[in-house]
$ cat structure.cif   # mmCIF, C-alpha atoms
data_work
loop_
_atom_site.label_atom_id
_atom_site.label_comp_id
_atom_site.auth_asym_id
_atom_site.auth_seq_id
_atom_site.Cartn_x
_atom_site.Cartn_y
_atom_site.Cartn_z
CA MET A 1 0.00 0.00 0.00
CA ALA A 2 1.04 3.59 -0.43
CA SER A 3 1.31 4.63 3.20
CA SER A 4 4.46 3.16 4.68
CA VAL A 5 4.96 1.77 8.13
CA LEU A 6 4.82 5.28 9.46
CA SER A 7 1.08 5.27 9.26
CA LEU A 8 1.46 3.20 12.39
CA ALA A 9 1.83 6.54 14.05
CA SER A 10 -1.77 7.10 13.19
CA ALA A 11 -2.84 5.15 16.24
CA THR A 12 -1.40 4.21 19.54
CA PRO A 13 -2.17 2.64 22.90
CA SER A 14 -2.21 4.25 26.27
CA ALA A 15 0.58 3.54 28.70
CA SER A 16 -1.69 1.38 30.83
CA LEU A 17 -2.72 -0.76 27.89
CA SER A 18 0.78 -1.16 26.50
CA SER A 19 2.30 -2.04 29.86
CA ARG A 20 -0.44 -4.49 30.70
CA GLU A 21 -0.29 -6.28 27.38
CA ILE A 22 3.51 -6.55 27.49
CA ASN A 23 3.32 -8.08 30.95
CA LYS A 24 0.69 -10.53 29.76
CA GLY A 25 2.98 -11.55 26.92
CA LYS A 26 0.50 -10.65 24.21
CA LEU A 27 2.64 -8.08 22.41
CA ASN A 28 5.15 -9.34 19.87
CA LEU A 29 7.87 -6.72 20.10
CA GLY A 30 10.59 -8.59 18.25
CA ASN A 31 14.04 -7.18 17.60
CA THR A 32 14.02 -6.47 13.89
CA SER A 33 13.75 -3.10 12.22
CA LEU A 34 10.56 -1.97 10.58
CA CYS A 35 10.93 -2.26 6.84
CA PHE A 36 9.64 0.55 4.65
CA ASN A 37 8.87 -1.95 1.90
CA LYS A 38 6.59 -4.29 3.86
CA GLU A 39 3.56 -2.06 4.13
CA LYS A 40 1.07 -4.74 3.14
CA THR A 41 1.72 -6.63 6.35
CA ASN A 42 1.38 -3.59 8.59
CA PRO A 43 -1.93 -3.35 10.50
CA PHE A 44 -1.76 0.44 10.53
CA ILE A 45 -2.38 0.47 6.79
CA LYS A 46 -5.73 -1.21 7.35
CA THR A 47 -6.88 1.29 9.94
CA ARG A 48 -5.67 4.49 8.19
CA LEU A 49 -6.69 6.52 11.19
CA LEU A 50 -5.53 9.89 9.95
CA PHE A 51 -7.17 9.90 6.53
CA GLY A 52 -10.11 7.59 7.18
CA ALA A 53 -10.66 3.88 6.72
CA ASP A 54 -12.02 4.19 3.18
CA ASN A 55 -10.16 7.23 1.90
CA PRO A 56 -9.35 6.63 -1.78
CA ILE A 57 -5.97 8.37 -1.57
CA VAL A 58 -4.56 5.35 0.26
CA GLU A 59 -5.92 2.81 -2.21
CA GLN A 60 -4.68 5.04 -5.03
CA GLN A 61 -1.20 4.98 -3.49
CA ARG A 62 -0.98 8.78 -3.38
CA VAL A 63 0.37 9.04 0.17
CA ALA A 64 4.11 9.06 0.88
CA THR A 65 4.65 8.20 4.55
CA VAL A 66 7.92 7.90 6.44
CA GLN A 67 8.38 7.26 10.15
CA GLY A 68 9.86 10.20 12.02
CA LEU A 69 11.01 10.72 15.58
CA SER A 70 7.62 11.74 16.95
CA GLY A 71 6.19 15.11 15.96
CA THR A 72 9.41 17.09 16.22
CA GLY A 73 11.36 14.68 14.05
CA SER A 74 8.56 14.49 11.48
CA LEU A 75 8.35 18.27 11.26
CA ARG A 76 12.13 18.47 10.91
CA LEU A 77 12.07 15.93 8.09
CA ALA A 78 9.41 17.93 6.24
CA ALA A 79 11.40 21.13 6.79
CA ALA A 80 14.45 19.51 5.21
CA LEU A 81 12.30 18.45 2.24
CA ILE A 82 11.08 22.03 1.80
CA GLU A 83 14.59 23.48 2.06
CA ARG A 84 15.99 21.04 -0.51
CA TYR A 85 13.25 20.97 -3.11
CA PHE A 86 11.43 24.30 -2.62
CA PRO A 87 14.36 26.73 -2.23
CA GLY A 88 13.25 30.14 -1.03
CA ALA A 89 9.72 29.00 -0.17
CA LYS A 90 8.36 30.49 3.03
CA VAL A 91 6.49 28.76 5.84
CA LEU A 92 3.76 30.72 7.62
CA ILE A 93 3.19 29.83 11.27
CA SER A 94 0.49 31.02 13.64
CA SER A 95 1.11 33.74 16.21
CA PRO A 96 1.47 32.28 18.78
CA THR A 97 2.51 28.71 18.07
CA TRP A 98 4.27 25.78 19.69
CA GLY A 99 7.67 27.00 20.85
CA ASN A 100 9.70 24.48 18.85
CA HIS A 101 8.24 25.34 15.43
CA LYS A 102 10.54 28.34 14.98
CA ASN A 103 13.56 26.34 16.11
CA ILE A 104 12.81 23.58 13.61
CA PHE A 105 12.55 25.89 10.61
CA ASN A 106 15.52 27.97 11.69
CA ASP A 107 17.62 24.82 12.01
CA ALA A 108 16.53 23.69 8.53
CA ARG A 109 17.24 27.17 7.12
CA VAL A 110 13.66 27.57 5.95
CA PRO A 111 12.39 31.18 6.05
CA TRP A 112 9.21 31.73 8.03
CA SER A 113 6.85 34.48 9.02
CA GLU A 114 3.74 34.63 11.19
CA TYR A 115 0.06 34.95 10.47
CA ARG A 116 -2.33 36.44 13.00
CA TYR A 117 -4.20 33.87 15.05
CA TYR A 118 -4.86 34.88 18.65
CA ASP A 119 -7.03 37.89 19.48
CA PRO A 120 -6.24 39.10 23.03
CA LYS A 121 -9.39 41.22 23.11
CA THR A 122 -11.68 38.21 22.83
CA VAL A 123 -9.23 35.51 23.98
CA GLY A 124 -10.34 33.86 20.76
CA LEU A 125 -9.43 33.45 17.10
CA ASP A 126 -8.46 36.47 15.00
CA PHE A 127 -10.00 34.88 11.93
CA GLU A 128 -10.05 37.99 9.76
CA GLY A 129 -6.39 38.66 10.50
CA MET A 130 -5.51 35.04 9.78
CA ILE A 131 -7.23 35.06 6.39
CA ALA A 132 -5.72 38.43 5.44
CA ASP A 133 -2.20 37.24 6.23
CA ILE A 134 -2.59 33.97 4.33
CA LYS A 135 -3.88 35.92 1.34
CA ALA A 136 -0.91 38.31 1.54
CA ALA A 137 1.68 35.51 1.64
CA PRO A 138 3.76 34.85 -1.49
CA GLU A 139 2.07 32.37 -3.80
CA GLY A 140 3.16 28.82 -3.13
CA SER A 141 3.91 29.32 0.55
CA PHE A 142 3.56 26.50 3.08
CA ILE A 143 0.85 27.26 5.64
CA LEU A 144 1.48 25.48 8.94
CA LEU A 145 -1.84 24.60 10.57
CA HIS A 146 -2.60 22.86 13.86
CA GLY A 147 -4.99 20.05 12.91
CA CYS A 148 -6.77 20.15 16.27
CA ALA A 149 -6.22 21.47 19.80
CA HIS A 150 -4.05 24.43 18.80
CA ASN A 151 -0.96 24.72 20.99
CA PRO A 152 -0.69 26.95 22.99
CA THR A 153 -4.12 28.60 22.74
CA GLY A 154 -6.55 25.68 22.58
CA ILE A 155 -8.46 27.77 20.00
CA ASP A 156 -9.51 25.92 16.85
CA PRO A 157 -11.34 27.26 13.78
CA ALA A 158 -14.97 26.22 13.43
CA PRO A 159 -15.77 23.77 10.58
CA GLU A 160 -17.06 26.56 8.33
CA GLN A 161 -13.92 28.58 9.03
CA TRP A 162 -11.76 25.62 8.01
CA GLY A 163 -13.62 25.69 4.70
CA ILE A 164 -12.75 29.34 4.14
CA ILE A 165 -9.11 28.69 5.08
CA ALA A 166 -9.01 25.90 2.49
CA ASP A 167 -10.55 28.23 -0.13
CA VAL A 168 -7.85 30.86 0.39
CA ILE A 169 -5.02 28.32 0.37
CA GLN A 170 -6.29 26.90 -2.91
CA GLU A 171 -6.71 30.35 -4.45
CA LYS A 172 -3.14 31.28 -3.59
CA ASN A 173 -1.66 27.91 -4.60
CA HIS A 174 -0.30 27.50 -1.10
CA ILE A 175 0.49 24.08 0.36
CA PRO A 176 -1.27 23.17 3.63
CA PHE A 177 1.12 21.73 6.21
CA PHE A 178 -0.63 20.16 9.20
CA ASP A 179 0.91 19.50 12.60
CA ILE A 180 -1.25 16.87 14.33
CA ALA A 181 -0.16 16.16 17.87
CA TYR A 182 -3.48 15.42 19.59
CA GLN A 183 -5.66 13.27 17.33
CA GLY A 184 -8.28 11.64 19.53
CA PHE A 185 -7.02 13.42 22.60
CA ALA A 186 -8.74 16.75 21.86
CA SER A 187 -12.39 15.80 21.39
CA GLY A 188 -12.10 12.15 22.36
CA SER A 189 -12.87 11.11 18.77
CA LEU A 190 -10.26 10.14 16.19
CA GLU A 191 -12.70 11.05 13.43
CA THR A 192 -13.58 14.50 14.75
CA ASP A 193 -9.97 15.45 15.37
CA ALA A 194 -8.94 14.46 11.84
CA ALA A 195 -11.78 16.37 10.15
CA SER A 196 -9.69 19.39 9.15
CA VAL A 197 -7.05 17.28 7.39
CA ARG A 198 -9.65 15.14 5.66
CA MET A 199 -11.46 18.23 4.39
CA PHE A 200 -8.35 19.49 2.62
CA VAL A 201 -7.57 16.05 1.20
CA ALA A 202 -11.15 15.63 -0.05
CA ARG A 203 -10.71 18.81 -2.11
CA GLY A 204 -7.90 17.14 -4.04
CA MET A 205 -5.19 19.29 -2.46
CA GLU A 206 -1.62 18.17 -1.96
CA VAL A 207 -1.09 18.12 1.81
CA ILE A 208 1.78 17.62 4.25
CA ALA A 209 0.81 16.18 7.64
CA ALA A 210 3.22 15.60 10.53
CA GLN A 211 1.92 13.27 13.24
CA SER A 212 2.83 12.71 16.86
CA TYR A 213 1.33 10.05 19.05
CA SER A 214 3.16 10.84 22.28
CA LYS A 215 -0.01 12.00 24.03
CA ASN A 216 -2.81 9.73 22.88
CA LEU A 217 -0.49 6.71 22.95
CA GLY A 218 1.05 7.35 26.32
CA LEU A 219 4.39 6.43 24.73
CA TYR A 220 6.10 9.80 24.89
CA ALA A 221 9.66 8.49 25.24
CA GLU A 222 9.27 6.01 22.38
CA ARG A 223 9.22 8.82 19.75
CA ILE A 224 6.38 7.57 17.58
CA GLY A 225 5.56 9.87 14.66
CA ALA A 226 5.25 10.17 10.91
CA ILE A 227 5.43 12.58 8.03
CA ASN A 228 2.73 12.08 5.37
CA VAL A 229 2.73 13.78 1.99
CA VAL A 230 -0.48 13.49 -0.03
CA CYS A 231 0.52 13.76 -3.69
CA SER A 232 -1.29 14.20 -6.99
CA SER A 233 -0.36 10.76 -8.35
CA PRO A 234 1.14 7.42 -7.30
CA ASP A 235 4.29 8.25 -9.25
CA ALA A 236 4.73 11.53 -7.41
CA ALA A 237 4.16 9.80 -4.07
CA ALA A 238 6.80 7.18 -4.85
CA ARG A 239 9.33 9.88 -5.74
CA VAL A 240 8.54 11.96 -2.67
CA LYS A 241 8.84 8.94 -0.39
CA SER A 242 12.18 8.08 -1.95
CA GLN A 243 13.48 11.57 -1.25
CA LEU A 244 12.15 11.57 2.32
CA LYS A 245 14.00 8.31 2.97
CA ARG A 246 17.18 9.78 1.47
CA ILE A 247 16.90 12.75 3.87
CA ALA A 248 16.13 10.51 6.85
CA ARG A 249 19.05 8.16 6.26
CA PRO A 250 21.87 10.55 7.30
CA MET A 251 19.62 12.30 9.83
CA TYR A 252 18.60 9.35 12.04
CA SER A 253 19.05 6.26 9.81
CA ASN A 254 16.16 4.13 11.09
CA PRO A 255 13.21 4.88 13.38
CA PRO A 256 12.79 3.07 16.71
CA VAL A 257 10.84 -0.16 16.54
CA HIS A 258 9.75 -0.82 20.14
CA GLY A 259 6.91 1.69 20.43
CA ALA A 260 5.91 1.09 16.83
CA ARG A 261 5.37 -2.61 17.43
CA ILE A 262 3.33 -1.89 20.56
CA VAL A 263 1.11 0.34 18.45
CA ALA A 264 0.86 -2.22 15.66
CA ASN A 265 -0.27 -4.96 18.04
CA ILE A 266 -2.91 -2.83 19.75
CA VAL A 267 -4.32 -1.34 16.56
CA GLY A 268 -4.32 -4.79 14.99
CA ASP A 269 -6.37 -6.27 17.84
CA SER A 270 -10.01 -5.18 17.70
CA ALA A 271 -10.57 -5.60 21.45
CA LEU A 272 -7.48 -3.62 22.40
CA PHE A 273 -8.26 -1.00 19.78
CA LYS A 274 -11.74 -0.54 21.23
CA GLU A 275 -10.33 -0.32 24.76
CA TRP A 276 -7.76 2.28 23.67
CA ASN A 277 -10.49 4.40 22.09
CA ALA A 278 -12.54 4.20 25.29
CA GLU A 279 -9.54 5.28 27.37
CA MET A 280 -8.87 8.20 25.06
CA GLU A 281 -12.50 9.31 25.23
CA MET A 282 -12.37 9.07 29.01
CA MET A 283 -9.24 11.24 29.24
CA ALA A 284 -10.65 13.87 26.87
CA GLY A 285 -13.89 13.82 28.87
CA ARG A 286 -12.03 14.42 32.11
CA ILE A 287 -10.39 17.52 30.66
CA LYS A 288 -13.79 18.75 29.43
CA ASN A 289 -15.15 18.32 32.96
CA VAL A 290 -12.24 20.32 34.35
CA ARG A 291 -12.96 23.08 31.83
CA GLN A 292 -16.59 23.22 32.89
CA LYS A 293 -15.71 23.30 36.58
CA LEU A 294 -13.13 26.06 36.07
CA PHE A 295 -15.61 28.11 34.05
CA ASP A 296 -18.31 27.65 36.70
CA SER A 297 -15.90 28.69 39.45
CA LEU A 298 -14.70 31.76 37.56
CA SER A 299 -18.25 32.83 36.69
CA SER A 300 -19.59 32.44 40.22
CA LYS A 301 -16.65 34.06 42.00
CA ASP A 302 -15.99 37.01 39.66
CA LYS A 303 -18.64 39.73 40.09
CA SER A 304 -17.14 42.07 37.47
CA GLY A 305 -19.23 40.75 34.61
CA LYS A 306 -16.21 39.52 32.64
CA ASP A 307 -17.01 36.86 30.09
CA TRP A 308 -15.05 33.70 30.88
CA SER A 309 -16.72 31.58 28.21
CA PHE A 310 -13.46 31.29 26.27
CA VAL A 311 -12.49 28.55 28.74
CA LEU A 312 -15.28 26.38 27.34
CA LYS A 313 -14.71 27.33 23.71
CA GLN A 314 -11.09 26.20 23.78
CA ILE A 315 -10.21 22.53 23.38
CA GLY A 316 -7.48 20.09 24.32
CA MET A 317 -4.90 19.97 27.08
CA PHE A 318 -4.27 23.70 27.28
CA SER A 319 -6.14 26.89 28.03
CA PHE A 320 -4.92 30.34 27.11
CA THR A 321 -5.99 32.52 30.01
CA GLY A 322 -5.25 35.93 28.51
CA LEU A 323 -2.99 36.78 31.46
CA ASN A 324 0.14 38.83 30.71
CA LYS A 325 3.64 38.14 32.06
CA ALA A 326 3.20 40.26 35.20
CA GLN A 327 -0.08 38.52 35.97
CA CYS A 328 1.52 35.11 35.39
CA ASP A 329 4.30 36.08 37.81
CA ASN A 330 1.64 36.90 40.40
CA MET A 331 0.07 33.48 39.82
CA THR A 332 3.40 31.86 40.66
CA ASN A 333 4.75 34.15 43.37
CA LYS A 334 1.54 34.64 45.34
CA TRP A 335 -0.58 31.62 44.51
CA HIS A 336 2.11 29.04 43.65
CA VAL A 337 0.44 28.25 40.35
CA TYR A 338 3.08 27.40 37.76
CA MET A 339 2.39 28.18 34.12
CA THR A 340 4.14 29.45 31.01
CA LYS A 341 4.64 33.21 30.87
CA ASP A 342 2.39 33.57 27.83
CA GLY A 343 -0.64 32.72 29.97
CA ARG A 344 -1.02 29.07 29.03
CA ILE A 345 -2.11 26.57 31.65
CA SER A 346 -2.22 22.79 31.32
CA LEU A 347 -5.66 21.51 32.19
CA ALA A 348 -4.37 17.96 32.01
CA GLY A 349 -2.59 18.64 35.29
CA LEU A 350 -5.63 20.19 37.01
CA SER A 351 -7.99 18.24 39.24
CA LEU A 352 -11.62 19.14 39.88
CA ALA A 353 -10.76 19.75 43.53
CA LYS A 354 -8.32 22.53 42.63
CA CYS A 355 -10.54 24.43 40.18
CA GLU A 356 -11.88 26.87 42.75
CA TYR A 357 -8.38 27.67 44.03
CA LEU A 358 -7.19 28.26 40.46
CA ALA A 359 -10.20 30.49 39.80
CA ASP A 360 -9.32 32.62 42.85
CA ALA A 361 -5.74 32.95 41.59
CA ILE A 362 -6.82 33.93 38.07
CA ILE A 363 -9.38 36.48 39.27
CA ASP A 364 -6.88 38.09 41.65
CA SER A 365 -4.14 38.24 39.02
CA TYR A 366 -6.46 39.54 36.30
CA HIS A 367 -8.06 42.32 38.33
CA ASN A 368 -5.27 43.36 40.70
CA VAL A 369 -2.14 43.15 38.55
CA SER A 370 -1.72 45.24 35.43
#

$ encode --input "structure.cif" --output "structure tokens"
Amino acid sequence: MASSVLSLASATPSASLSSREINKGKLNLGNTSLCFNKEKTNPFIKTRLLFGADNPIVEQQRVATVQGLSGTGSLRLAAALIERYFPGAKVLISSPTWGNHKNIFNDARVPWSEYRYYDPKTVGLDFEGMIADIKAAPEGSFILLHGCAHNPTGIDPAPEQWGIIADVIQEKNHIPFFDIAYQGFASGSLETDAASVRMFVARGMEVIAAQSYSKNLGLYAERIGAINVVCSSPDAAARVKSQLKRIARPMYSNPPVHGARIVANIVGDSALFKEWNAEMEMMAGRIKNVRQKLFDSLSSKDKSGKDWSFVLKQIGMFSFTGLNKAQCDNMTNKWHVYMTKDGRISLAGLSLAKCEYLADAIIDSYHNVS
């Protein structure tokens, strides 16, 4: 099949599942390297979690997939491809974005600029600014998009907004470049979290998609990831895959096999696959419950009339609070709440019991520190 063994990064087990199954002796880890030419035997090809079980692009062999070292390594591999075969092309990244994006493109000597994304006035999406900046970018630019659960803001475009983004990218002959770190871990549904990527692919667009499965797999240290390039033809996909492998060879030679085989066994077992999906839905649901509790606490305690609904509108592990650096310092120094200085908090580390305390800290810092 067209997607190589790296599509195995399209699904992964939780730490509890993987550990339990290893201990029970059910997982066949082996000690041989994954072979890029044995895709037909790989269970990940059958599931095709990123693009959909019946997506014709896989059957048509139009996807070039190579295993990378989690999300960072996959992004770096794609950056090297851009630098080598699209000299001078610019990558547009959101403002703000994940802190390592700039490092990756700088290291690969790929020029980048930012498009507007976060609106501090609404603690929401600056959609008009985003569209204007994508339109203003040089034709043929690479537009880096967070497939779901934008990091660090937790702010995702609505489905109709994704459609407009796709329209503009097509009009400008840009290339969409997705970073997908949280599939299944944002909404609790693999299908929902892949909807943005599938929309672009369904339009017949050539797409780059970097995948990480550190979070939803619970295999962070195993470095499970992939770079997928959706091409216009099987011939183009074969050539792109060949070049990706040529770039990967001197960079890291071969990807690690241990985590990949754990993933393959769990995705290839219908009972384990179902259990993994249930675990992922449970974890995403817990974070949603924390969001609701934090919003309720903020709304009941703050009598100023401020709208805190952005907490509920955001999605994923993180929430962008809108607090500035001085206010974040107050959170740490006075309340002993530790967060990044851009105002991002990790809801994955917040319990329901601590929501009221956090609400007190946020309200104090917001109203009493300028």

$ atom_distance --input "structure.cif" --atom1 "CA of Leu323 in chain A" --atom2 "CA of Met130 in chain A"
21.9 Å

$ residues_around --input "structure.cif" --residues "Arg239 in chain A" --least-positions-apart "5" --cutoff "9 Å" --atoms "only C-alpha atoms" --output "list in words"
Ala64, Pro234 and Leu244 of chain A

$ closest_residue --input "structure.cif" --among "A:Pro250, A:Gly124, A:Gly129, A:Pro111" --to "Ser319 in chain A" --atoms "only C-alpha atoms"
A:Gly124

$ closest_residue --input "structure.cif" --among "A:Asp329, A:Asp360, A:Asp126, A:Glu83" --to "Arg109 in chain A" --atoms "all atoms listed in the file"
A:Glu83

$ resolve_selection --input "structure.cif" --expression "the PyMOL selection byres ((chain A and resi 140-142) around 8)" --output "PDB file with C-alpha atoms, in the frame of the given file"
ATOM      1  CA  ALA A  89       9.720  29.000  -0.170  1.00  0.00           C
ATOM      2  CA  LYS A  90       8.360  30.490   3.030  1.00  0.00           C
ATOM      3  CA  VAL A  91       6.490  28.760   5.840  1.00  0.00           C
ATOM      4  CA  LEU A  92       3.760  30.720   7.620  1.00  0.00           C
ATOM      5  CA  ALA A 137       1.680  35.510   1.640  1.00  0.00           C
ATOM      6  CA  PRO A 138       3.760  34.850  -1.490  1.00  0.00           C
ATOM      7  CA  GLU A 139       2.070  32.370  -3.800  1.00  0.00           C
ATOM      8  CA  ILE A 143       0.850  27.260   5.640  1.00  0.00           C
ATOM      9  CA  LEU A 144       1.480  25.480   8.940  1.00  0.00           C
ATOM     10  CA  LYS A 172      -3.140  31.280  -3.590  1.00  0.00           C
ATOM     11  CA  ASN A 173      -1.660  27.910  -4.600  1.00  0.00           C
ATOM     12  CA  HIS A 174      -0.300  27.500  -1.100  1.00  0.00           C
ATOM     13  CA  ILE A 175       0.490  24.080   0.360  1.00  0.00           C
ATOM     14  CA  PRO A 176      -1.270  23.170   3.630  1.00  0.00           C
ATOM     15  CA  PHE A 177       1.120  21.730   6.210  1.00  0.00           C
TER      16      PHE A 177
END

$ resolve_selection --input "structure.cif" --expression "the PyMOL selection byres ((chain A and resi 341-348) around 6)" --output "tab-separated table (two decimals) with C-alpha atoms, in the frame of the given file"
chain	number	residue	atom	x	y	z
A	317	MET	CA	-4.90	19.97	27.08
A	318	PHE	CA	-4.27	23.70	27.28
A	319	SER	CA	-6.14	26.89	28.03
A	320	PHE	CA	-4.92	30.34	27.11
A	321	THR	CA	-5.99	32.52	30.01
A	322	GLY	CA	-5.25	35.93	28.51
A	323	LEU	CA	-2.99	36.78	31.46
A	325	LYS	CA	3.64	38.14	32.06
A	328	CYS	CA	1.52	35.11	35.39
A	339	MET	CA	2.39	28.18	34.12
A	340	THR	CA	4.14	29.45	31.01
A	349	GLY	CA	-2.59	18.64	35.29
A	350	LEU	CA	-5.63	20.19	37.01

$ resolve_selection --input "structure.cif" --expression "the PyMOL selection byres ((chain A and resi 256) around 9)" --output "list in words"
Ser33, Leu34, Gln67, Leu69, Glu222, Arg223, Ile224, Asn254, Pro255, Val257, His258, Gly259 and Ala260 of chain A

$ atom_distance --input "structure.cif" --atom1 "CA of Thr332 in chain A" --atom2 "CA of Gln292 in chain A"
23.1 Å

$ residues_around --input "structure.cif" --residues "Val229 in chain A" --least-positions-apart "6" --cutoff "12 Å" --atoms "all atoms listed in the file" --output "short mmCIF file (atom, residue, chain, number, x, y, z; two decimals) with C-alpha atoms, in the coordinates of the input"
data_model
loop_
_atom_site.label_atom_id
_atom_site.label_comp_id
_atom_site.auth_asym_id
_atom_site.auth_seq_id
_atom_site.Cartn_x
_atom_site.Cartn_y
_atom_site.Cartn_z
CA ALA A 2 1.04 3.59 -0.43
CA SER A 3 1.31 4.63 3.20
CA SER A 4 4.46 3.16 4.68
CA LEU A 6 4.82 5.28 9.46
CA SER A 7 1.08 5.27 9.26
CA PHE A 51 -7.17 9.90 6.53
CA ILE A 57 -5.97 8.37 -1.57
CA VAL A 58 -4.56 5.35 0.26
CA GLN A 61 -1.20 4.98 -3.49
CA ARG A 62 -0.98 8.78 -3.38
CA VAL A 63 0.37 9.04 0.17
CA ALA A 64 4.11 9.06 0.88
CA THR A 65 4.65 8.20 4.55
CA VAL A 66 7.92 7.90 6.44
CA GLN A 67 8.38 7.26 10.15
CA SER A 74 8.56 14.49 11.48
CA LEU A 75 8.35 18.27 11.26
CA LEU A 77 12.07 15.93 8.09
CA ALA A 78 9.41 17.93 6.24
CA LEU A 81 12.30 18.45 2.24
CA ILE A 82 11.08 22.03 1.80
CA ILE A 175 0.49 24.08 0.36
CA PRO A 176 -1.27 23.17 3.63
CA PHE A 177 1.12 21.73 6.21
CA PHE A 178 -0.63 20.16 9.20
CA VAL A 197 -7.05 17.28 7.39
CA VAL A 201 -7.57 16.05 1.20
CA MET A 205 -5.19 19.29 -2.46
CA GLU A 206 -1.62 18.17 -1.96
CA VAL A 207 -1.09 18.12 1.81
CA ILE A 208 1.78 17.62 4.25
CA ALA A 209 0.81 16.18 7.64
CA ALA A 210 3.22 15.60 10.53
CA GLN A 211 1.92 13.27 13.24
CA ALA A 236 4.73 11.53 -7.41
CA ALA A 237 4.16 9.80 -4.07
CA ALA A 238 6.80 7.18 -4.85
CA ARG A 239 9.33 9.88 -5.74
CA VAL A 240 8.54 11.96 -2.67
CA LYS A 241 8.84 8.94 -0.39
CA SER A 242 12.18 8.08 -1.95
CA GLN A 243 13.48 11.57 -1.25
CA LEU A 244 12.15 11.57 2.32
#

$ closest_residue --input "structure.cif" --among "A:Asp307, A:Ser232, A:Leu352, A:Asn103" --to "Lys121 in chain A" --atoms "only C-alpha atoms"
A:Asp307

$ closest_residue --input "structure.cif" --among "A:Trp112, A:Phe295, A:Tyr117, A:Tyr366" --to "Ser94 in chain A" --atoms "all atoms listed in the file"
A:Tyr117

$ closest_residue --input "structure.cif" --among "A:Ser370, A:Gln314, A:Thr153, A:Asn277" --to "Glu191 in chain A" --atoms "all atoms listed in the file"
A:Asn277

$ closest_residue --input "structure.cif" --among "A:Ile227, A:Ala158, A:Ala166, A:Val110" --to "Ile134 in chain A" --atoms "all atoms listed in the file"
A:Ala166
